[in-house]
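K.L.:
Sharing a structure with you now.
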Amino acid sequence: MPDWSAAVAKLTSLSEAIRRLVGDGDCVYLAGFTHLIPFAAGHEIIRQGKRDLTLARATPDLVYDQMVAAGCAQKVIFSYAGNPGVGSLRALRRAIESGELAWEEYSHFAMISRLAAGAAGVPFMPMNPSGGQDLMAANENYRQIEDPYSGRPVVTVPALNPDLAVVHVHRADADGNAQVDGIVGDVKEAAFAAKKVLLTAEQIVDESRIRADPGRTVIPGLIVDAVVHVPYGAHPSYAHGLYDRDNPFYQAWDDVSADPSRLSGWLDEWVYGVRDRAEYWDKLGPEVHARLAPEMA
Amino acid sequence: MSVTTEWTAAELMVVNAARQLHNGDVVLVGVGLPNLACNLALRTHAPDLLMVYESGVIGARPSRLPLSIGDPALVEGSLMVTSMYDLFAHLLQRGHVSVGFLGGAQIDRHGNINATLIGPDYRHPKVRLPGSGGSQEIAAWAGRTYLMARHERRRFPERCDFRTSLGLTDDDQAVERDLPGAGPAALVTDLGILAPNPHGELVLTHLHPGVRLESVRAATGWDLQARPDLETTPPPTPAELDLLHGLDPHGIYLG
């Protein structure tokens with residue numbers, strides 16, 4: 001891993017940030033629960049041919065379906081591996097069913113409790129029992145212990161400290177102080193849990209803009225290693241108030257991912273075939289842009 | 001199977017699920033049919049229903065049909081947006097959610113739900129399903145749950161291949177479930193409504209209009225018992241159907 005000391009300016013390009021911060025075999029957490037999913041960063045990881053990654057995300061979503069299909073992953077850690085509102089993540093499912101891909105599975109609360117423990121620097125997180133005996137039998141990371149105070153059973157999961165968290169936000173300053181509008185999901189826990197943080201932002205703003213509304217800041221610059229300006233970096237997920245979730249894309253993905261050769265053609269055209277997110281967004285064209293303009297309240 | 005063309009199977013399920021909700025319930029809503037059921041209840045008998053979503057949205061009033069639980073339409077006009085951890089810890093684990101909606105690939109006679117895999121071996125799934133999401137905790141900690149599913153024999157086996165979320169008992173010996181929530185209060189299908197008997201088994205309490213008991217038994221994978229005072233659900237009213245068509249004008253979920 002190259003030296004990435006605080007003296008180095010954080011503001012950089014996405015290709016440079018991925019080159020410096022993602023190593024083969026790393027555990028990577030692309031944050032964002034259905035909202036602000038860092039697709040642009042996922043596509044750059046694919047373009048750079050990173051391999052043997054452990055991909056952790058509560059909801060792998062289309063971004064991990066694409067990264068698994070591109071051969072980046074040796075393992076996934078998740079709590080809901082579906083295409084939200086549509087059905088299956090077909091590439092990920094094929095890789096699991098054929099035995100090519102290792103997986104580690106939790107419920108949502110256990111998954112984000114792992115992040116919360118990692119973020120707080122404690123070794124594990126206790127939860128009340130929730131009847132998950134079958135999953136506990138399948139995943140030895142679940143343990144049942146005795147509450148030392150009441151003697152009642154408590155279920156624990158170990159802290160998750162990914163090598164890298166990638167977080168897409170609405171706005172950040174050059175130092176990585178970052179703000180999110182709308183659904184915040186798992187972004188704060190993921191950023192604090194990770195050893196390094198890569199921020200992609202719709203907008204790079206002056207520090208004064210952050211200071212004018214500090215309650216909206218979810219990630220302080222002090223834990224951020226790289227900041228990249230990536231407008232539309234979350235498509236086909238969305239950035240609240242800036243562009244809408246591309247539901248037709250999510251629905252169409254079901255057919256694309258059902259056929260490995262079609263999926264590989266999609267990757268050729270939309271990931272390998274474009275230089276960066278700006279070219280991807282241009283390629284989507286004005287009709288898609290208009291469709292994704294958020295309805296004004 | 002269809003005996004009428006006045007409503008679709010999905011409409012029948014949504015209308016009957018909506019009628020189960022009480023005014024003042026705090027509901028952890030899923031997308032699809034549960035979302036429609038909650039929005040219908042909100043517009044009829046339960047104006048004070050509080051809708052909560054896994055994505056951290058509390059008090060949602062979606063103006064259009066959300067296609068995912070993180071849809072931006074859920075945020076506009078809601079009361080609060082909190083983190084996913086806080087939603088599960090502070091609301092659900094702490095006991096502030098009174099109702100949860102659940103579905104799954106398999107639902108067994110005790111209301112256990114499988115959303116994880118089909119096949120006998122976890123490590124070698126015949127069919128890999130999405131997994132729990134929040135359903136394990138919703139089944140355990142919501143005050144009560146409603147299950148919704150199409151009534152099909154393969155969907156309603158004697159026993160689930162995997163118990164993603166616990167039903168009324170944690171094994172076939174009818175051991176008491178030791179969890180804060182009461183578990184399934186009803187399973188609403190397109191043929192009727194099942195509810196738990198005192199032994200923690202789902203039995204048929206209602207048939208939908210025009211459905212015969214034998215057809216329900218034939219579509220159930222266990223020896224389905226019917227309550228002696230088996231009732232028929234009142235048909236969906238024109239008002240209920242109008243509201244539903246307004247909520248899902250393109251028939252994405254209602255068919």
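Within each chain, counting starts at residue 1; across the structure tokens, chains are named A, B, ... in the order shown, with ligands numbered 1 upward in that order.
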If we count only C-alpha atoms, what is near segment 56-60 of chain B at a cut-off of 6 Å, once residues fewer than 2 positions away on the same chain are taken out, given as number ranges by chain?

P.N.:
B: 50-54, 62, 74, 78-84, 87

K.L.:
For the residues in the current selection, export C-alpha atoms as a PDB file, in the first residue's frame.

P.N.:
ATOM      1  CA  LEU B  50     -47.724   5.429  11.539  1.00  0.00           C
ATOM      2  CA  MET B  51     -45.712   3.909   8.692  1.00  0.00           C
ATOM      3  CA  VAL B  52     -42.071   3.058   9.360  1.00  0.00           C
ATOM      4  CA  TYR B  53     -39.571   1.691   6.812  1.00  0.00           C
ATOM      5  CA  GLU B  54     -36.358  -0.314   7.254  1.00  0.00           C
ATOM      6  CA  PRO B  62     -45.697   8.476   0.118  1.00  0.00           C
ATOM      7  CA  LEU B  74     -40.952   7.776   1.319  1.00  0.00           C
ATOM      8  CA  SER B  78     -42.211  12.076   6.566  1.00  0.00           C
ATOM      9  CA  LEU B  79     -41.722  12.890  10.236  1.00  0.00           C
ATOM     10  CA  MET B  80     -38.141  11.692  10.689  1.00  0.00           C
ATOM     11  CA  VAL B  81     -35.278  10.062   8.866  1.00  0.00           C
ATOM     12  CA  THR B  82     -32.890   8.136  11.076  1.00  0.00           C
ATOM     13  CA  SER B  83     -30.007   5.754  10.459  1.00  0.00           C
ATOM     14  CA  MET B  84     -30.625   2.113   9.731  1.00  0.00           C
ATOM     15  CA  LEU B  87     -34.276   2.274  13.264  1.00  0.00           C
TER      16      LEU B  87
END

K.L.:
Quick one: residues within 7 Å of Ala239 of chain A, only C-alpha atoms, excluding same-chain residues fewer than 5 positions away - as a list in words?

P.N.:
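Residues meeting the cut-off are His35, Leu36, His170, Ala234 and Asp244 of chain A.
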
K.L.:
Mind listing the helix (DSSP H, G or I) residues of segment 71-214 of chain B, per DSSP on the backbone, as a VMD selection string?

P.N.:
chain B and resid 72 to 75 84 to 93 135 to 141 213 to 214

K.L.:
Residues of chain B within 8 Å of chain A, counting only C-alpha atoms, what are they? List them as a PDB file with N, CA and C atoms, in the first residue's frame.

P.N.:
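See part.pdb below for the written result:
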ATOM      1  N   VAL B  31     -42.187  -3.085   0.870  1.00  0.00           N
ATOM      2  CA  VAL B  31     -42.707  -2.583  -0.404  1.00  0.00           C
ATOM      3  C   VAL B  31     -43.687  -3.602  -0.985  1.00  0.00           C
ATOM      4  N   GLY B  32     -44.350  -3.219  -2.058  1.00  0.00           N
ATOM      5  CA  GLY B  32     -45.276  -4.135  -2.711  1.00  0.00           C
ATOM      6  C   GLY B  32     -46.614  -4.160  -2.004  1.00  0.00           C
ATOM      7  N   SER B  55     -35.504   1.487   5.901  1.00  0.00           N
ATOM      8  CA  SER B  55     -34.497   2.438   5.454  1.00  0.00           C
ATOM      9  C   SER B  55     -34.341   3.598   6.431  1.00  0.00           C
ATOM     10  N   GLY B  56     -35.112   3.612   7.524  1.00  0.00           N
ATOM     11  CA  GLY B  56     -34.946   4.638   8.543  1.00  0.00           C
ATOM     12  C   GLY B  56     -35.982   5.746   8.495  1.00  0.00           C
ATOM     13  N   VAL B  57     -37.018   5.579   7.668  1.00  0.00           N
ATOM     14  CA  VAL B  57     -38.043   6.613   7.525  1.00  0.00           C
ATOM     15  C   VAL B  57     -39.182   6.335   8.512  1.00  0.00           C
ATOM     16  N   LEU B  67     -41.092   1.953  -5.120  1.00  0.00           N
ATOM     17  CA  LEU B  67     -40.705   0.662  -5.692  1.00  0.00           C
ATOM     18  C   LEU B  67     -39.612  -0.016  -4.884  1.00  0.00           C
ATOM     19  N   SER B  68     -39.016   0.712  -3.935  1.00  0.00           N
ATOM     20  CA  SER B  68     -38.079   0.066  -3.014  1.00  0.00           C
ATOM     21  C   SER B  68     -38.274   0.721  -1.659  1.00  0.00           C
ATOM     22  N   ILE B  69     -37.784   0.041  -0.597  1.00  0.00           N
ATOM     23  CA  ILE B  69     -37.969   0.628   0.738  1.00  0.00           C
ATOM     24  C   ILE B  69     -37.083   1.844   0.956  1.00  0.00           C
ATOM     25  N   GLY B  70     -36.225   2.148  -0.020  1.00  0.00           N
ATOM     26  CA  GLY B  70     -35.430   3.363   0.079  1.00  0.00           C
ATOM     27  C   GLY B  70     -35.869   4.404  -0.926  1.00  0.00           C
ATOM     28  N   ASP B  71     -37.061   4.254  -1.463  1.00  0.00           N
ATOM     29  CA  ASP B  71     -37.548   5.172  -2.495  1.00  0.00           C
ATOM     30  C   ASP B  71     -37.627   6.601  -1.952  1.00  0.00           C
ATOM     31  N   PRO B  72     -37.190   7.593  -2.764  1.00  0.00           N
ATOM     32  CA  PRO B  72     -37.260   8.982  -2.284  1.00  0.00           C
ATOM     33  C   PRO B  72     -38.669   9.424  -1.903  1.00  0.00           C
ATOM     34  N   VAL B  75     -39.446   9.606   1.778  1.00  0.00           N
ATOM     35  CA  VAL B  75     -38.826  10.625   2.623  1.00  0.00           C
ATOM     36  C   VAL B  75     -39.643  11.915   2.629  1.00  0.00           C
ATOM     37  N   GLU B  76     -40.129  12.338   1.444  1.00  0.00           N
ATOM     38  CA  GLU B  76     -40.856  13.606   1.338  1.00  0.00           C
ATOM     39  C   GLU B  76     -42.075  13.605   2.259  1.00  0.00           C
ATOM     40  N   VAL B  81     -36.155  11.023   9.533  1.00  0.00           N
ATOM     41  CA  VAL B  81     -35.278  10.062   8.866  1.00  0.00           C
ATOM     42  C   VAL B  81     -34.132   9.771   9.821  1.00  0.00           C
ATOM     43  N   THR B  82     -33.943   8.509  10.141  1.00  0.00           N
ATOM     44  CA  THR B  82     -32.890   8.136  11.076  1.00  0.00           C
ATOM     45  C   THR B  82     -32.003   7.085  10.425  1.00  0.00           C
ATOM     46  N   SER B  83     -30.905   6.743  11.069  1.00  0.00           N
ATOM     47  CA  SER B  83     -30.007   5.754  10.459  1.00  0.00           C
ATOM     48  C   SER B  83     -30.628   4.369  10.567  1.00  0.00           C
ATOM     49  N   MET B  84     -30.120   3.479   9.736  1.00  0.00           N
ATOM     50  CA  MET B  84     -30.625   2.113   9.731  1.00  0.00           C
ATOM     51  C   MET B  84     -30.395   1.436  11.097  1.00  0.00           C
ATOM     52  N   TYR B  85     -29.223   1.669  11.687  1.00  0.00           N
ATOM     53  CA  TYR B  85     -28.953   1.083  13.003  1.00  0.00           C
ATOM     54  C   TYR B  85     -29.958   1.593  14.035  1.00  0.00           C
ATOM     55  N   PHE B  88     -33.488   0.022  13.652  1.00  0.00           N
ATOM     56  CA  PHE B  88     -33.601  -1.343  14.185  1.00  0.00           C
ATOM     57  C   PHE B  88     -33.431  -1.376  15.705  1.00  0.00           C
ATOM     58  N   ALA B  89     -32.499  -0.579  16.225  1.00  0.00           N
ATOM     59  CA  ALA B  89     -32.228  -0.623  17.663  1.00  0.00           C
ATOM     60  C   ALA B  89     -33.286   0.153  18.453  1.00  0.00           C
ATOM     61  N   GLN B  93     -36.056  -2.983  18.189  1.00  0.00           N
ATOM     62  CA  GLN B  93     -35.583  -3.753  19.352  1.00  0.00           C
ATOM     63  C   GLN B  93     -36.159  -3.206  20.653  1.00  0.00           C
ATOM     64  N   TYR B 122     -27.706 -25.858   3.613  1.00  0.00           N
ATOM     65  CA  TYR B 122     -27.450 -24.412   3.557  1.00  0.00           C
ATOM     66  C   TYR B 122     -26.255 -24.076   2.675  1.00  0.00           C
ATOM     67  N   HIS B 124     -25.083 -25.702   0.148  1.00  0.00           N
ATOM     68  CA  HIS B 124     -25.268 -26.019  -1.266  1.00  0.00           C
ATOM     69  C   HIS B 124     -26.717 -25.777  -1.663  1.00  0.00           C
ATOM     70  N   PRO B 125     -27.098 -24.505  -1.715  1.00  0.00           N
ATOM     71  CA  PRO B 125     -28.519 -24.190  -1.973  1.00  0.00           C
ATOM     72  C   PRO B 125     -28.948 -24.600  -3.380  1.00  0.00           C
ATOM     73  N   LYS B 126     -30.113 -25.229  -3.450  1.00  0.00           N
ATOM     74  CA  LYS B 126     -30.691 -25.530  -4.767  1.00  0.00           C
ATOM     75  C   LYS B 126     -31.105 -24.211  -5.428  1.00  0.00           C
ATOM     76  N   VAL B 127     -31.803 -23.392  -4.633  1.00  0.00           N
ATOM     77  CA  VAL B 127     -32.139 -22.031  -5.067  1.00  0.00           C
ATOM     78  C   VAL B 127     -31.757 -21.086  -3.943  1.00  0.00           C
ATOM     79  N   ARG B 128     -30.938 -20.126  -4.265  1.00  0.00           N
ATOM     80  CA  ARG B 128     -30.549 -19.146  -3.270  1.00  0.00           C
ATOM     81  C   ARG B 128     -31.527 -17.971  -3.339  1.00  0.00           C
ATOM     82  N   LEU B 129     -32.166 -17.644  -2.197  1.00  0.00           N
ATOM     83  CA  LEU B 129     -33.109 -16.523  -2.108  1.00  0.00           C
ATOM     84  C   LEU B 129     -32.398 -15.325  -1.460  1.00  0.00           C
ATOM     85  N   PRO B 130     -33.022 -14.151  -1.476  1.00  0.00           N
ATOM     86  CA  PRO B 130     -32.302 -12.967  -0.975  1.00  0.00           C
ATOM     87  C   PRO B 130     -31.847 -13.031   0.488  1.00  0.00           C
ATOM     88  N   GLY B 131     -32.591 -13.726   1.358  1.00  0.00           N
ATOM     89  CA  GLY B 131     -32.193 -13.767   2.759  1.00  0.00           C
ATOM     90  C   GLY B 131     -33.078 -12.899   3.635  1.00  0.00           C
ATOM     91  N   SER B 132     -32.655 -12.730   4.896  1.00  0.00           N
ATOM     92  CA  SER B 132     -33.527 -12.149   5.915  1.00  0.00           C
ATOM     93  C   SER B 132     -33.884 -10.691   5.660  1.00  0.00           C
ATOM     94  N   GLY B 133     -32.889  -9.876   5.281  1.00  0.00           N
ATOM     95  CA  GLY B 133     -33.142  -8.445   5.431  1.00  0.00           C
ATOM     96  C   GLY B 133     -33.529  -8.216   6.872  1.00  0.00           C
ATOM     97  N   GLY B 134     -34.569  -7.435   7.098  1.00  0.00           N
ATOM     98  CA  GLY B 134     -34.999  -7.174   8.462  1.00  0.00           C
ATOM     99  C   GLY B 134     -36.014  -8.162   9.000  1.00  0.00           C
ATOM    100  N   SER B 135     -36.358  -9.188   8.215  1.00  0.00           N
ATOM    101  CA  SER B 135     -37.535  -9.972   8.608  1.00  0.00           C
ATOM    102  C   SER B 135     -37.319 -10.813   9.862  1.00  0.00           C
ATOM    103  N   GLN B 136     -36.071 -11.240  10.125  1.00  0.00           N
ATOM    104  CA  GLN B 136     -35.838 -12.008  11.355  1.00  0.00           C
ATOM    105  C   GLN B 136     -36.207 -11.188  12.594  1.00  0.00           C
ATOM    106  N   GLU B 137     -35.770  -9.944  12.634  1.00  0.00           N
ATOM    107  CA  GLU B 137     -36.051  -9.108  13.805  1.00  0.00           C
ATOM    108  C   GLU B 137     -37.507  -8.631  13.825  1.00  0.00           C
ATOM    109  N   ALA B 139     -40.087 -10.285  12.773  1.00  0.00           N
ATOM    110  CA  ALA B 139     -40.878 -11.429  13.252  1.00  0.00           C
ATOM    111  C   ALA B 139     -40.751 -11.595  14.763  1.00  0.00           C
ATOM    112  N   ALA B 140     -39.589 -11.228  15.304  1.00  0.00           N
ATOM    113  CA  ALA B 140     -39.340 -11.441  16.735  1.00  0.00           C
ATOM    114  C   ALA B 140     -39.852 -10.298  17.593  1.00  0.00           C
ATOM    115  N   TRP B 141     -39.732  -9.083  17.094  1.00  0.00           N
ATOM    116  CA  TRP B 141     -39.898  -7.927  17.976  1.00  0.00           C
ATOM    117  C   TRP B 141     -41.112  -7.060  17.682  1.00  0.00           C
ATOM    118  N   PHE B 162     -35.729 -23.790   5.705  1.00  0.00           N
ATOM    119  CA  PHE B 162     -34.862 -22.954   6.544  1.00  0.00           C
ATOM    120  C   PHE B 162     -35.786 -21.960   7.226  1.00  0.00           C
ATOM    121  N   ARG B 163     -35.569 -21.725   8.532  1.00  0.00           N
ATOM    122  CA  ARG B 163     -36.417 -20.750   9.211  1.00  0.00           C
ATOM    123  C   ARG B 163     -35.687 -19.411   9.303  1.00  0.00           C
ATOM    124  N   THR B 164     -35.985 -18.540   8.345  1.00  0.00           N
ATOM    125  CA  THR B 164     -35.401 -17.201   8.327  1.00  0.00           C
ATOM    126  C   THR B 164     -35.993 -16.378   9.462  1.00  0.00           C
ATOM    127  N   SER B 165     -37.317 -16.467   9.613  1.00  0.00           N
ATOM    128  CA  SER B 165     -37.975 -15.792  10.725  1.00  0.00           C
ATOM    129  C   SER B 165     -38.885 -16.776  11.423  1.00  0.00           C
ATOM    130  N   LEU B 166     -38.871 -16.640  12.742  1.00  0.00           N
ATOM    131  CA  LEU B 166     -39.577 -17.601  13.572  1.00  0.00           C
ATOM    132  C   LEU B 166     -41.073 -17.308  13.610  1.00  0.00           C
ATOM    133  N   ASP B 170     -40.964 -22.708  17.995  1.00  0.00           N
ATOM    134  CA  ASP B 170     -39.637 -22.825  17.419  1.00  0.00           C
ATOM    135  C   ASP B 170     -39.293 -24.266  17.055  1.00  0.00           C
ATOM    136  N   LEU B 179     -40.029 -14.734  22.820  1.00  0.00           N
ATOM    137  CA  LEU B 179     -39.642 -13.498  22.154  1.00  0.00           C
ATOM    138  C   LEU B 179     -40.650 -12.416  22.521  1.00  0.00           C
TER     139      LEU B 179
END

K.L.:
In segment 6-158 of chain A, what's strand (DSSP E or B) per DSSP? Answer as a PyMOL selection string?

P.N.:
chain A and resi 11-12+27-30+53-56+73-78+82-83+87-88+102-105+124-127+143-146+153-158

K.L.:
Compile the contact shell of segment 17-28 of chain A as a PyMOL selection string: residues with an atom at most 8 Å away, counting only C-alpha atoms, same-chain residues fewer than 4 positions apart removed.

P.N.:
chain A and resi 1-2+12-13+41+44-45+48+50-56+162-166+196+198+226+228

K.L.:
Go ahead and write the selection's residues with C-alpha atoms as an mmCIF file, in the first residue's frame.

P.N.:
data_model
loop_
_atom_site.group_PDB
_atom_site.id
_atom_site.type_symbol
_atom_site.label_atom_id
_atom_site.label_comp_id
_atom_site.auth_asym_id
_atom_site.auth_seq_id
_atom_site.Cartn_x
_atom_site.Cartn_y
_atom_site.Cartn_z
ATOM 1 C CA MET A 1 0.000 0.000 0.000
ATOM 2 C CA PRO A 2 1.490 3.358 -1.004
ATOM 3 C CA THR A 12 -8.094 13.513 -6.261
ATOM 4 C CA SER A 13 -9.535 11.634 -9.239
ATOM 5 C CA ALA A 41 -16.585 3.738 -7.568
ATOM 6 C CA GLU A 44 -13.849 2.009 -11.466
ATOM 7 C CA ILE A 45 -12.901 -1.004 -9.290
ATOM 8 C CA GLN A 48 -9.002 -1.516 -12.766
ATOM 9 C CA LYS A 50 -9.212 -5.595 -8.793
ATOM 10 C CA ARG A 51 -9.422 -9.220 -7.681
ATOM 11 C CA ASP A 52 -10.254 -11.462 -4.701
ATOM 12 C CA LEU A 53 -12.133 -8.735 -2.859
ATOM 13 C CA THR A 54 -14.428 -9.454 0.050
ATOM 14 C CA LEU A 55 -17.451 -7.331 -0.785
ATOM 15 C CA ALA A 56 -19.478 -6.379 2.287
ATOM 16 C CA PRO A 162 -13.425 -3.178 6.401
ATOM 17 C CA ASP A 163 -10.121 -2.174 4.820
ATOM 18 C CA LEU A 164 -11.990 0.496 2.917
ATOM 19 C CA ALA A 165 -15.412 2.123 3.030
ATOM 20 C CA VAL A 166 -16.619 3.969 -0.052
ATOM 21 C CA LYS A 196 -9.753 3.964 5.266
ATOM 22 C CA LEU A 198 -12.997 7.097 0.139
ATOM 23 C CA ALA A 226 -9.634 10.683 -0.304
ATOM 24 C CA VAL A 228 -13.464 12.761 -5.316
#

K.L.:
As an exercise, work out the distance from atom CA of Leu42 of chain B to atom CA of Gly77 of chain B in Å and give it to one decimal place.

P.N.:
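Interatomic distance, atom CA of Leu42 of chain B to atom CA of Gly77 of chain B: 15.0 Å.
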